[in-house]
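Pasted below: model16.cif, mmCIF, C-alpha atoms.
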data_input
loop_
_atom_site.label_atom_id
_atom_site.label_comp_id
_atom_site.auth_asym_id
_atom_site.auth_seq_id
_atom_site.Cartn_x
_atom_site.Cartn_y
_atom_site.Cartn_z
CA MET E 1 -157.73 -122.78 -38.81
CA ASN E 2 -157.68 -122.78 -35.04
CA THR E 3 -157.23 -126.32 -33.81
CA GLN E 4 -157.66 -125.64 -30.11
CA VAL E 5 -160.54 -124.51 -27.92
CA VAL E 6 -159.66 -120.88 -27.18
CA ARG E 7 -161.49 -117.59 -26.63
CA ASN E 8 -163.70 -116.50 -29.54
CA THR E 9 -164.00 -119.91 -31.16
CA VAL E 10 -167.25 -121.69 -31.86
CA ILE E 11 -167.17 -125.16 -30.36
CA THR E 12 -169.34 -128.14 -31.29
CA LEU E 13 -169.69 -130.90 -28.71
CA ASP E 14 -171.23 -134.35 -28.67
CA TYR E 15 -172.35 -134.70 -25.08
CA HIS E 16 -174.50 -136.43 -22.53
CA VAL E 17 -175.38 -135.67 -18.94
CA THR E 18 -175.97 -138.14 -16.12
CA ASP E 19 -176.61 -137.88 -12.42
CA PRO E 20 -173.81 -139.12 -10.11
CA ASP E 21 -175.34 -142.64 -10.16
CA GLY E 22 -175.07 -142.83 -13.96
CA GLU E 23 -178.76 -142.28 -14.71
CA VAL E 24 -179.11 -140.36 -17.99
CA VAL E 25 -180.50 -136.85 -17.52
CA ASP E 26 -179.86 -135.55 -21.05
CA GLU E 27 -178.76 -137.93 -23.78
CA GLY E 28 -177.59 -135.07 -25.99
CA ARG E 29 -179.43 -136.00 -29.17
CA GLU E 30 -178.37 -132.75 -30.85
CA PRO E 31 -174.78 -131.46 -30.72
CA LEU E 32 -174.15 -128.53 -28.42
CA VAL E 33 -172.69 -125.48 -30.18
CA TYR E 34 -171.45 -122.53 -28.15
CA LEU E 35 -169.19 -119.47 -28.27
CA HIS E 36 -166.12 -120.11 -26.08
CA GLY E 37 -164.59 -117.37 -23.98
CA GLY E 38 -166.71 -116.33 -21.02
CA TYR E 39 -169.96 -115.49 -22.82
CA ASP E 40 -172.10 -117.61 -20.44
CA ASP E 41 -173.13 -119.93 -23.29
CA ILE E 42 -172.10 -122.94 -21.20
CA PHE E 43 -171.41 -123.53 -17.50
CA PRO E 44 -168.05 -121.93 -16.55
CA LYS E 45 -166.59 -125.14 -15.07
CA ILE E 46 -167.19 -126.98 -18.37
CA GLU E 47 -165.75 -124.11 -20.40
CA GLU E 48 -162.66 -124.08 -18.17
CA ALA E 49 -162.15 -127.84 -18.67
CA LEU E 50 -162.48 -127.47 -22.46
CA GLN E 51 -159.88 -124.67 -22.73
CA GLY E 52 -157.00 -125.84 -24.96
CA LYS E 53 -158.68 -129.10 -26.04
CA LYS E 54 -158.56 -130.26 -29.66
CA VAL E 55 -161.09 -131.96 -31.94
CA GLY E 56 -161.53 -135.56 -30.78
CA GLU E 57 -160.59 -134.87 -27.16
CA SER E 58 -163.10 -135.59 -24.39
CA ILE E 59 -163.72 -134.31 -20.89
CA GLN E 60 -165.91 -135.33 -17.98
CA VAL E 61 -166.91 -132.68 -15.45
CA LYS E 62 -168.89 -133.18 -12.25
CA LEU E 63 -171.04 -130.15 -11.48
CA GLN E 64 -172.45 -129.46 -8.05
CA PRO E 65 -175.93 -127.86 -8.05
CA ASP E 66 -174.52 -124.36 -7.53
CA GLU E 67 -172.28 -124.87 -10.61
CA ALA E 68 -175.19 -125.99 -12.77
CA PHE E 69 -178.89 -125.14 -12.36
CA GLY E 70 -178.73 -123.92 -8.76
CA GLU E 71 -180.01 -125.23 -5.47
CA TYR E 72 -183.66 -126.19 -5.19
CA ASP E 73 -185.63 -123.25 -3.79
CA SER E 74 -188.85 -124.26 -2.02
CA GLU E 75 -190.02 -120.63 -2.22
CA MET E 76 -190.30 -121.11 -6.01
CA VAL E 77 -193.19 -123.54 -5.45
CA GLN E 78 -196.66 -122.03 -5.45
CA ILE E 79 -200.17 -123.40 -4.99
CA GLU E 80 -202.80 -121.63 -7.06
CA PRO E 81 -206.59 -122.06 -7.47
CA ARG E 82 -207.53 -124.50 -10.25
CA LYS E 83 -210.10 -122.01 -11.60
CA ASP E 84 -207.26 -119.70 -12.72
CA PHE E 85 -206.04 -122.21 -15.33
CA PRO E 86 -207.29 -123.49 -18.69
CA LYS E 87 -209.68 -126.44 -18.69
CA GLU E 88 -207.14 -128.62 -20.52
CA LEU E 89 -204.49 -128.70 -17.80
CA GLN E 90 -201.87 -131.42 -17.42
CA VAL E 91 -198.84 -132.08 -15.21
CA GLY E 92 -195.77 -130.88 -17.10
CA MET E 93 -197.45 -127.90 -18.75
CA GLN E 94 -195.58 -124.62 -18.40
CA PHE E 95 -196.75 -121.09 -17.67
CA GLU E 96 -194.87 -117.81 -17.45
CA GLY E 97 -195.39 -115.75 -14.34
CA GLY E 98 -193.91 -113.01 -12.27
CA PRO E 99 -194.65 -110.14 -9.93
CA GLU E 100 -197.24 -107.62 -11.14
CA ASP E 101 -194.75 -104.77 -10.81
CA GLY E 102 -191.80 -106.79 -12.15
CA GLY E 103 -189.74 -106.25 -15.25
CA GLU E 104 -189.03 -108.72 -18.05
CA ASP E 105 -186.14 -110.28 -16.09
CA ASP E 106 -188.44 -111.06 -13.14
CA PHE E 107 -190.55 -113.54 -15.10
CA VAL E 108 -190.17 -117.23 -14.36
CA ILE E 109 -191.33 -120.34 -16.22
CA TYR E 110 -193.46 -122.42 -13.87
CA ARG E 111 -194.12 -126.13 -14.44
CA VAL E 112 -197.33 -127.77 -13.28
CA THR E 113 -196.16 -130.54 -10.95
CA ASP E 114 -199.48 -131.59 -9.40
CA ILE E 115 -203.20 -131.06 -9.88
CA ALA E 116 -205.48 -131.91 -6.98
CA ASP E 117 -209.18 -131.08 -6.78
CA ASP E 118 -209.29 -127.27 -6.76
CA LYS E 119 -205.53 -126.59 -6.47
CA VAL E 120 -202.59 -126.54 -8.89
CA VAL E 121 -198.97 -126.86 -7.76
CA LEU E 122 -196.50 -124.78 -9.78
CA ASP E 123 -192.72 -125.11 -9.55
CA GLY E 124 -190.49 -122.29 -10.83
CA ASN E 125 -187.26 -124.21 -10.24
CA HIS E 126 -185.35 -125.57 -13.23
CA PRO E 127 -186.17 -129.31 -13.49
CA LEU E 128 -182.51 -130.11 -12.69
CA ALA E 129 -182.19 -127.66 -9.77
CA GLY E 130 -180.63 -129.24 -6.70
CA MET E 131 -178.98 -132.04 -8.69
CA ALA E 132 -175.30 -132.78 -9.08
CA LEU E 133 -174.61 -133.56 -12.73
CA VAL E 134 -171.87 -135.33 -14.66
CA PHE E 135 -171.29 -133.69 -18.05
CA THR E 136 -169.32 -135.79 -20.56
CA CYS E 137 -168.44 -134.44 -23.98
CA THR E 138 -166.18 -134.76 -27.00
CA VAL E 139 -165.07 -131.80 -29.10
CA THR E 140 -166.25 -132.51 -32.66
CA ALA E 141 -165.55 -129.16 -34.35
CA ILE E 142 -163.77 -125.87 -33.75
CA ARG E 143 -164.05 -122.77 -35.92
CA PRO E 144 -163.19 -119.11 -35.48
CA ALA E 145 -166.15 -117.01 -34.37
CA SER E 146 -167.25 -114.23 -36.71
CA ALA E 147 -166.83 -110.63 -35.58
CA GLU E 148 -170.62 -110.40 -35.34
CA GLU E 149 -170.83 -113.50 -33.11
CA VAL E 150 -168.18 -112.05 -30.79
CA GLU E 151 -169.95 -108.67 -30.73
CA HIS E 152 -173.31 -110.31 -29.93
CA GLY E 153 -171.80 -112.83 -27.49
CA HIS E 154 -173.40 -115.94 -28.99
CA VAL E 155 -173.26 -118.29 -31.98
CA HIS E 156 -175.23 -117.38 -35.09
CA HIS E 157 -176.83 -120.25 -36.95
CA PRO E 158 -177.55 -120.04 -40.69
CA ASP E 159 -181.31 -119.88 -40.06
CA ASP E 160 -181.08 -117.09 -37.41
CA ASP E 161 -183.33 -114.14 -38.10
CA GLU E 162 -181.45 -110.87 -37.49
CA GLU E 163 -184.56 -109.36 -35.88
CA THR E 164 -184.57 -112.02 -33.16
CA CYS E 165 -180.86 -111.59 -32.42
CA HIS E 166 -180.14 -109.10 -29.62
#
Any chance you could put this one into C-alpha coordinates?
Amino acid sequence: MNTQVVRNTVITLDYHVTDPDGEVVDEGREPLVYLHGGYDDIFPKIEEALQGKKVGESIQVKLQPDEAFGEYDSEMVQIEPRKDFPKELQVGMQFEGGPEDGGEDDFVIYRVTDIADDKVVLDGNHPLAGMALVFTCTVTAIRPASAEEVEHGHVHHPDDDEETCH
(Lines of atoms letter the chains of each structure in order from A and count residues from 1; the text may use other names and numbers.)
(Lines give C-alpha, C1' and ligand atoms only; values in the text may rest on other atoms or scores of the structure.)
Protein backbone atom coordinates (compact mmCIF):
# COMPACT_ATOMS: atom_id res chain seq x y z
CA MET A 1 0.00 0.00 0.00
CA ASN A 2 1.34 3.39 -0.97
CA THR A 3 1.58 5.56 2.11
CA GLN A 4 2.56 8.79 0.40
CA VAL A 5 0.84 11.17 -1.99
CA VAL A 6 2.53 10.40 -5.31
CA ARG A 7 1.58 10.31 -8.99
CA ASN A 8 -1.29 7.92 -9.84
CA THR A 9 -2.69 7.67 -6.34
CA VAL A 10 -6.23 8.51 -5.36
CA ILE A 11 -6.23 11.00 -2.51
CA THR A 12 -9.06 11.74 -0.08
CA LEU A 13 -8.97 15.09 1.72
CA ASP A 14 -10.96 16.69 4.49
CA TYR A 15 -10.82 20.35 3.58
CA HIS A 16 -12.24 23.82 3.95
CA VAL A 17 -11.69 27.05 2.08
CA THR A 18 -11.69 30.58 3.47
CA ASP A 19 -10.97 34.00 2.10
CA PRO A 20 -7.80 35.73 3.40
CA ASP A 21 -9.83 37.27 6.26
CA GLY A 22 -10.91 33.84 7.50
CA GLU A 23 -14.49 33.98 6.21
CA VAL A 24 -15.61 30.48 5.19
CA VAL A 25 -16.14 30.12 1.43
CA ASP A 26 -16.53 26.32 1.32
CA GLU A 27 -16.85 24.35 4.53
CA GLY A 28 -16.04 21.09 2.77
CA ARG A 29 -18.99 19.04 3.97
CA GLU A 30 -18.03 16.15 1.67
CA PRO A 31 -14.46 14.86 1.40
CA LEU A 32 -12.59 15.78 -1.75
CA VAL A 33 -11.33 12.78 -3.73
CA TYR A 34 -8.99 13.29 -6.67
CA LEU A 35 -6.42 11.55 -8.87
CA HIS A 36 -2.94 12.90 -8.03
CA GLY A 37 -0.35 13.47 -10.71
CA GLY A 38 -1.12 16.38 -13.02
CA TYR A 39 -4.60 15.37 -14.19
CA ASP A 40 -6.12 18.80 -13.42
CA ASP A 41 -8.44 17.27 -10.80
CA ILE A 42 -7.28 19.88 -8.27
CA PHE A 43 -5.48 23.23 -8.51
CA PRO A 44 -1.77 22.64 -9.34
CA LYS A 45 -0.46 24.64 -6.36
CA ILE A 46 -2.46 22.43 -3.96
CA GLU A 47 -1.34 19.25 -5.71
CA GLU A 48 2.29 20.41 -5.49
CA ALA A 49 1.96 21.07 -1.74
CA LEU A 50 0.42 17.62 -1.18
CA GLN A 51 3.19 15.73 -3.01
CA GLY A 52 4.90 13.33 -0.58
CA LYS A 53 2.43 13.89 2.28
CA LYS A 54 1.10 10.97 4.33
CA VAL A 55 -2.30 10.17 5.83
CA GLY A 56 -2.93 12.53 8.75
CA GLU A 57 -0.70 15.32 7.41
CA SER A 58 -2.19 18.74 6.70
CA ILE A 59 -1.35 21.65 4.42
CA GLN A 60 -2.55 25.21 4.03
CA VAL A 61 -2.16 26.89 0.64
CA LYS A 62 -2.99 30.48 -0.25
CA LEU A 63 -4.19 30.76 -3.84
CA GLN A 64 -4.20 34.02 -5.75
CA PRO A 65 -7.15 34.44 -8.16
CA ASP A 66 -5.07 33.36 -11.17
CA GLU A 67 -4.15 30.13 -9.29
CA ALA A 68 -7.77 29.35 -8.47
CA PHE A 69 -10.90 30.45 -10.35
CA GLY A 70 -9.31 33.25 -12.38
CA GLU A 71 -9.60 37.00 -12.36
CA TYR A 72 -13.04 38.58 -12.51
CA ASP A 73 -13.88 39.40 -16.13
CA SER A 74 -16.42 42.22 -16.52
CA GLU A 75 -16.96 41.15 -20.14
CA MET A 76 -18.60 37.96 -18.78
CA VAL A 77 -21.49 40.07 -17.44
CA GLN A 78 -24.44 40.51 -19.77
CA ILE A 79 -27.75 42.34 -19.55
CA GLU A 80 -30.60 40.61 -21.35
CA PRO A 81 -34.31 41.41 -21.85
CA ARG A 82 -36.54 39.97 -19.11
CA LYS A 83 -38.96 38.63 -21.75
CA ASP A 84 -36.33 36.07 -22.86
CA PHE A 85 -36.52 34.22 -19.52
CA PRO A 86 -39.04 31.96 -17.79
CA LYS A 87 -41.74 33.59 -15.68
CA GLU A 88 -40.40 31.97 -12.51
CA LEU A 89 -37.02 33.72 -12.44
CA GLN A 90 -34.94 34.25 -9.32
CA VAL A 91 -31.50 35.64 -8.48
CA GLY A 92 -29.10 32.69 -8.27
CA MET A 93 -30.71 30.67 -11.07
CA GLN A 94 -28.31 29.39 -13.70
CA PHE A 95 -28.54 29.20 -17.47
CA GLU A 96 -26.17 27.79 -20.07
CA GLY A 97 -25.24 30.05 -22.94
CA GLY A 98 -22.70 30.61 -25.63
CA PRO A 99 -22.10 31.97 -29.10
CA GLU A 100 -24.48 30.74 -31.81
CA ASP A 101 -21.59 29.42 -33.87
CA GLY A 102 -19.66 28.08 -30.86
CA GLY A 103 -18.73 24.54 -30.01
CA GLU A 104 -19.45 22.64 -26.80
CA ASP A 105 -16.37 24.13 -25.09
CA ASP A 106 -17.61 27.67 -25.75
CA PHE A 107 -20.66 27.31 -23.50
CA VAL A 108 -20.68 29.10 -20.17
CA ILE A 109 -22.91 28.77 -17.10
CA TYR A 110 -24.42 32.17 -16.35
CA ARG A 111 -25.86 33.07 -12.94
CA VAL A 112 -28.70 35.53 -12.57
CA THR A 113 -27.30 38.24 -10.30
CA ASP A 114 -30.01 40.89 -10.62
CA ILE A 115 -33.53 41.30 -11.98
CA ALA A 116 -34.79 44.83 -12.55
CA ASP A 117 -38.00 45.74 -14.36
CA ASP A 118 -37.44 44.52 -17.92
CA LYS A 119 -33.76 43.53 -17.63
CA VAL A 120 -31.86 40.53 -16.26
CA VAL A 121 -28.17 40.66 -15.30
CA LEU A 122 -26.24 37.47 -16.04
CA ASP A 123 -22.72 36.75 -14.79
CA GLY A 124 -20.61 34.06 -16.48
CA ASN A 125 -17.75 34.34 -13.99
CA HIS A 126 -17.25 31.57 -11.44
CA PRO A 127 -18.73 32.81 -8.12
CA LEU A 128 -15.21 32.79 -6.61
CA ALA A 129 -13.49 34.53 -9.56
CA GLY A 130 -11.27 37.40 -8.48
CA MET A 131 -10.90 36.08 -4.93
CA ALA A 132 -7.75 34.97 -3.16
CA LEU A 133 -8.50 31.74 -1.30
CA VAL A 134 -6.92 29.84 1.58
CA PHE A 135 -7.27 26.07 1.10
CA THR A 136 -6.67 23.97 4.23
CA CYS A 137 -6.79 20.19 4.09
CA THR A 138 -5.79 16.96 5.78
CA VAL A 139 -4.98 13.77 3.88
CA THR A 140 -7.41 11.12 5.15
CA ALA A 141 -6.78 8.28 2.67
CA ILE A 142 -4.37 7.25 -0.07
CA ARG A 143 -4.85 4.34 -2.45
CA PRO A 144 -3.28 3.29 -5.73
CA ALA A 145 -5.29 4.40 -8.76
CA SER A 146 -6.63 1.66 -11.02
CA ALA A 147 -5.25 1.37 -14.55
CA GLU A 148 -8.63 2.55 -15.83
CA GLU A 149 -8.58 5.65 -13.59
CA VAL A 150 -5.09 6.54 -14.84
CA GLU A 151 -6.15 5.95 -18.45
CA HIS A 152 -9.25 8.14 -18.04
CA GLY A 153 -7.44 10.77 -15.94
CA HIS A 154 -9.96 10.88 -13.09
CA VAL A 155 -11.26 8.92 -10.09
CA HIS A 156 -13.99 6.35 -10.65
CA HIS A 157 -16.58 6.07 -7.93
CA PRO A 158 -18.50 2.82 -7.34
CA ASP A 159 -21.73 4.36 -8.65
CA ASP A 160 -20.13 5.76 -11.86
CA ASP A 161 -21.96 4.78 -15.02
CA GLU A 162 -19.46 3.72 -17.72
CA GLU A 163 -21.52 5.53 -20.37
CA THR A 164 -21.05 8.87 -18.61
CA CYS A 165 -17.29 8.37 -18.22
CA HIS A 166 -15.25 9.88 -21.07
Return the single residue from E:His36, E:Lys62, E:Arg29, E:Arg111 that is closest to E:Val10, with distances computed using all atoms listed in the file. E:His36
Nearby residues (only C-alpha atoms) at most 9 Å from stretch 72-74 of chain E, same-chain spacing under 2 positions excluded, as a list in words: Pro65, Phe69, Gly70, Met76, Val77, Gln78, Asp123, Gly124, Asn125, His126, Leu128, Ala129, Gly130 and Met131 of chain E
Expected selection from the PyMOL selection byres ((chain E and resi 154) around 12), given as an MDAnalysis selection string: chainID E and resid 8:11 33:42 145:153 155:157 160 165:166
Could you write out as a list in words the residues that the PyMOL selection byres ((chain E and resi 81-90) around 10) matches in the shown file? Ile79, Glu80, Val91, Gly92, Met93, Gln94, Phe95, Arg111, Val112, Thr113, Asp114, Ile115, Ala116, Asp117, Asp118, Lys119, Val120 and Val121 of chain E
Find, counting all atoms listed in the file, the residue in E:Val5, E:Val61, E:Leu122, E:Val55 that gets nearest to E:Thr18. E:Val61
Please provide the set of residues having any atom within 7 Å of stretch 138-140 of chain E, restricted to only C-alpha atoms, with same-chain residues fewer than 6 positions apart removed, written as a PyMOL selection string. chain E and resi 12-15+54-59
Go ahead and compute the interatomic distance for atom CA of E:Thr136 and atom CA of E:His16, in Å to one decimal.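 So the answer is 5.6 Å.
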Calculate how many Å separate atom CA of E:Val6 from atom CA of E:Asp66, rounding to one decimal. 24.9 Å
Near E:Val17, counting all atoms listed in the file, which residues have an atom at most 6 Å away, once you skip same-chain residues fewer than 3 positions from it, shown as a PDB file with C-alpha atoms, keeping the file's coordinate frame?
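Full text of result-v6.pdb as output:
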ATOM      1  CA  VAL E  25    -180.500-136.850 -17.520  1.00  0.00           C
ATOM      2  CA  ASP E  26    -179.860-135.550 -21.050  1.00  0.00           C
ATOM      3  CA  VAL E 134    -171.870-135.330 -14.660  1.00  0.00           C
ATOM      4  CA  PHE E 135    -171.290-133.690 -18.050  1.00  0.00           C
TER       5      PHE E 135
END
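The interatomic distance for the pair atom CA of E:Ala132 and atom CA of E:Ala68 works out to 7.7 Å.
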Under the rule that all atoms listed in the file are counted, which of E:Thr3, E:Glu71, E:Pro20, E:Phe107 is the nearest residue to E:Lys53?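 Between E:Thr3, E:Glu71, E:Pro20, E:Phe107, the residue approaching E:Lys53 most closely is E:Thr3.
Shortest atom-to-atom contact with E:Gln60 among E:Pro44, E:Val108, E:Cys137, E:Asp19: E:Cys137, counting only C-alpha atoms.
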From the list E:Leu63, E:Leu133, E:Ile109, E:Ile142, the nearest residue to E:Gln51 using all atoms listed in the file is E:Ile142
